[in-house]
Amino acid sequence: MQENKKKQVLLVGNPNVGKSTVFNALCNKKQKTGNYAGVTVASHSGNYSYKNEEVEVVDLPGSYSVYPSSEDEAIFSKFLIDEQKNYAGVIYILEALSLKRGLLLFQQIQDLGVPMILVVNQIDQAERRGITIDIQKFSDALGIKIIQTNAKEQLGIEEIKEAVLTNNFVKADKSSFETPNEHKDFIQKIAAHKGIDNEYKAWMSLSLGSDLGRIESIHDKLNGPDSKSLVPKRLQVQETVRRYQNVDKILADVISKKPQFKELLTEKLDKILVHKFWGYVVFLMILLIIFQSVFFLAEYPMNWIDDFFSWLTAFTAEHLPEGPVNSLISNGIVPGIGGIVVFAPQIGILLYFLYLLEDSGYMARVVFLMDRLLRPFGLNGKSIVPLVSGTACAIPAVISTRNIENVRERFLTILVTPFMTCSARLPVYSIIIGLIISEGTFLGIKYKALVLMGMYLLGFLVALFSAAILKRFIKNEGKTYLVMDLPTYKKPLFGYDLKMVLGKVWDFVTGAGKIIFVVSIIIWFLSYFGPKQKPDQFVAADVELDHSYLAKMGKGIEPLIEPLGYDWKMGVGILTSFVAREVFVGTMSTLYSLEDDAPEVKVIDKMRRDVKPNGDKVFSFATGISVLLFYAFAMQCVSTLAVVYRETKSWKWTGFQVAMMTGLAYFVSLIAYQILK
C-alpha cells in the first residue's frame, strides 16, 4: 500500500501501439501521438481523478524488451526497475495486430514480479484484417483479465480507470521463463550474492552484463572501449527464442484467421507509397502541396493580422500622450509583436499537415523510404524522425534521437538536425521570399511556394552532406539495420490535430512574444537615446535613428557584414535572432517602425522601398538570397545549443557544431552575394 494519497501507475508497451493515445484519453492531455517508434523519448506524467481517487499516470517510452538498446529504452528499464516500490502497477498496452511482438515484453515484466493490468488496443483493426481473438482463452492462458479498448474512440477508458480504482493489478504466480539448466547454479549464486529474491532478475543481471538500465552519455559511449563481451547478447537471444516459442503456443490457440481475406487499403496504398521510385515522387508532391498551402491558405489571415497591427500601431500613436511611452508602445512593442504574430497562420498550416501525416500512418512510410536514402550518409531511417521533427523545432527533434540505437548514427543526427528548417525560420524565409520573389506561378504552383520548398530541401541536403563528411571522423560501432512495423492507415483525428496545432501556435506566439517584448524594449531604448549632442546633455533623447546608440552599435559590426550585402539594421537583427530565429523579423519590424513616420504602412512595404545612400535597394535579390542562405546554415538559437550539449555532454562537439554552422553560413552567404550582386 502506498503511503502517498496519489496512486501512481505506469503506462507501458511497444512503440506504436496507441500508448500515447491511451495516456491522452486517461489524463485529457495534449501529448502528440505518432505512427512511428520513438514519439515518447522520456517519461511523461499526467493526472486524472476518478471516484475521488487521484491517479498519476507515467507514460514511459515505448520499448520492445527490458534489455535497453537505445537511450529511451534505458530510461524505460531504469524507471521500471528502480521505481518499483513507488508505483501501484503497470497498465500494459498490447496492439491487436502485433500480439506476438508485444507479449515478449509483457512476459518479461510479469517475471520481474510487477503487478499488471493488460489492455488490448485496436481490436477493430484486427477484425478488419480477418483476425479473430478469443479474449477469454487469451485471458486464461496469460492468467490476467484483459480490457479491450479503442483509445481514439474513447472506448474502454472507463474500464481502465475502474480497474485501477479496484486495484485489479495481477502479479504472476510463477515465471513464464525457465532458466536454462546449464545456467541454473550460476544464477542461484548471483541471486544469493546480490540478495535478489527473484530468479529472473538475477538472469537479467547476467544477460545485461552491466547495471540494469544504466544510461551512458553519447560522449562516454564514443570514448569507451571497443571490446565488448558477446556472452550477454547470446543469453538475451537465448531468452528471446524460448519466450517466442512459448508465445507461439499461446497464440495458436486464441487467434484464428479467415482464409483468402481480401487485400485492404493499406496493402494497396503501400504498393505506391513505399515503392522505391514512386514513393519518393509522391512524397515530393505532398511537400509541394504543403508549401503551396503555406502561402495560399495563409494569405488572407495574414493580411487580416497585418491590417489589425497596422491599425493598432496608428491608434496607439494617435491616442497615447506624446512622449517616450507613446514611442515605446507604437513604434517598439506593437510592431515587434505584430511582426511575429502575422506568421502564426503559416506555422499553423505547416504543423497541421505534419500532424495529419503522422496521424494517418504515412510518416512511418517516410521512415521506411528514407532508410535506404540515408544509409550512405551514415544515418538510418530512424534519423528521419528527428530530421522531420526539426521542421517544427530543433529542441524536441534533438531529444528524439534517443530512439536511435547506434551511437554514431545518433550522434551524427544530433549534429546535422539543426540544418533542418524549423518553424522559427519560417517567418524569416517568408518575409524575405515575399520581398525578392515575384507573384508568378509555375504549373499552378506559386514561385514563392517553390522557393520555400527549395529552402526546406536545401536544409535536408546540407544535413546529409554534413553527415557524410562527419561520419569519417566518428568511430563506427558496426552495421545496423532498421526493423519496424508499418502501421495500418488510419483516418486522422482532424479535430484533435487542429486542437493540437492551435496549442502549438499559441505556445509559439506567447513564447516568441515574451522574447520580442523584451527585445523590442531594449531596441527602442537604444534607438531612442544617443550620444549627447549638446554640452549640457548627459545623453540625447528622441534622436534620429541614425544618431542613436543602436545605430552606433550596428555600424560597429557593419564592416563584418557588409560583404554579405547587409546594412547595420540587418546586422542588429541577426545578433538578436541568436536568442530565437523569429526575433529577426520582430527586430526588423521595430527598426522600420522607428525610422518611418507612416505607422499604417506594412513592414514588408517599408523594407521593400528602403534604399542605401547610393540609391540601391537594401533588400535586393542578391541580399535576399544571402539572408536566406545565412539562416539556412547558421545555428538555430541558444536553446538548441543548450539541448545539444545536454544530449552529447561534450563542449568540444557542441562548440564544433556552432563554429561549423556559423562559418558555413558566413562563407556561403558571402559567395552568393558577391556572385549575384
# chains A, B, ... in the order shown; residues from 1 in each chain; ligands from 1
>>> residues_around(residues="region 659-666 of chain A", least_positions_apart="5", cutoff="6 Å", atoms="only C-alpha atoms", output="list of chain:residue names")
A:Phe630, A:Phe633, A:Ala634, A:Met635
>>> write_last_selection(atoms="N, CA, C and O atoms", output="PDB file, in the first residue's frame")
ATOM      1  N   PHE A 630      22.104  32.425 -45.205  1.00  0.00           N
ATOM      2  CA  PHE A 630      22.679  32.564 -43.863  1.00  0.00           C
ATOM      3  C   PHE A 630      21.807  31.850 -42.835  1.00  0.00           C
ATOM      4  O   PHE A 630      22.305  31.088 -41.998  1.00  0.00           O
ATOM      5  N   PHE A 633      21.850  27.936 -42.913  1.00  0.00           N
ATOM      6  CA  PHE A 633      23.017  27.201 -42.436  1.00  0.00           C
ATOM      7  C   PHE A 633      23.445  27.549 -41.013  1.00  0.00           C
ATOM      8  O   PHE A 633      24.121  26.756 -40.360  1.00  0.00           O
ATOM      9  N   ALA A 634      23.091  28.740 -40.512  1.00  0.00           N
ATOM     10  CA  ALA A 634      23.561  29.154 -39.191  1.00  0.00           C
ATOM     11  C   ALA A 634      22.864  28.366 -38.078  1.00  0.00           C
ATOM     12  O   ALA A 634      21.728  27.914 -38.244  1.00  0.00           O
ATOM     13  N   MET A 635      23.549  28.198 -36.951  1.00  0.00           N
ATOM     14  CA  MET A 635      22.975  27.514 -35.785  1.00  0.00           C
ATOM     15  C   MET A 635      21.680  28.210 -35.389  1.00  0.00           C
ATOM     16  O   MET A 635      21.589  29.436 -35.396  1.00  0.00           O
TER      17      MET A 635
END
>>> atom_distance(atom1="CA of Val241 (chain A)", atom2="CA of Ser383 (chain A)")
29.0 Å
>>> closest_residue(among="A:Ala397, A:Val247, A:Ala541, A:Leu60", to="Phe529 (chain A)", atoms="only C-alpha atoms")
A:Ala541
>>> residues_around(residues="Leu356 (chain A)", least_positions_apart="2", cutoff="12 Å", atoms="only C-alpha atoms", output="number ranges by chain")
A: 32-35, 286, 290, 349-354, 358-363, 489-498, 500-501
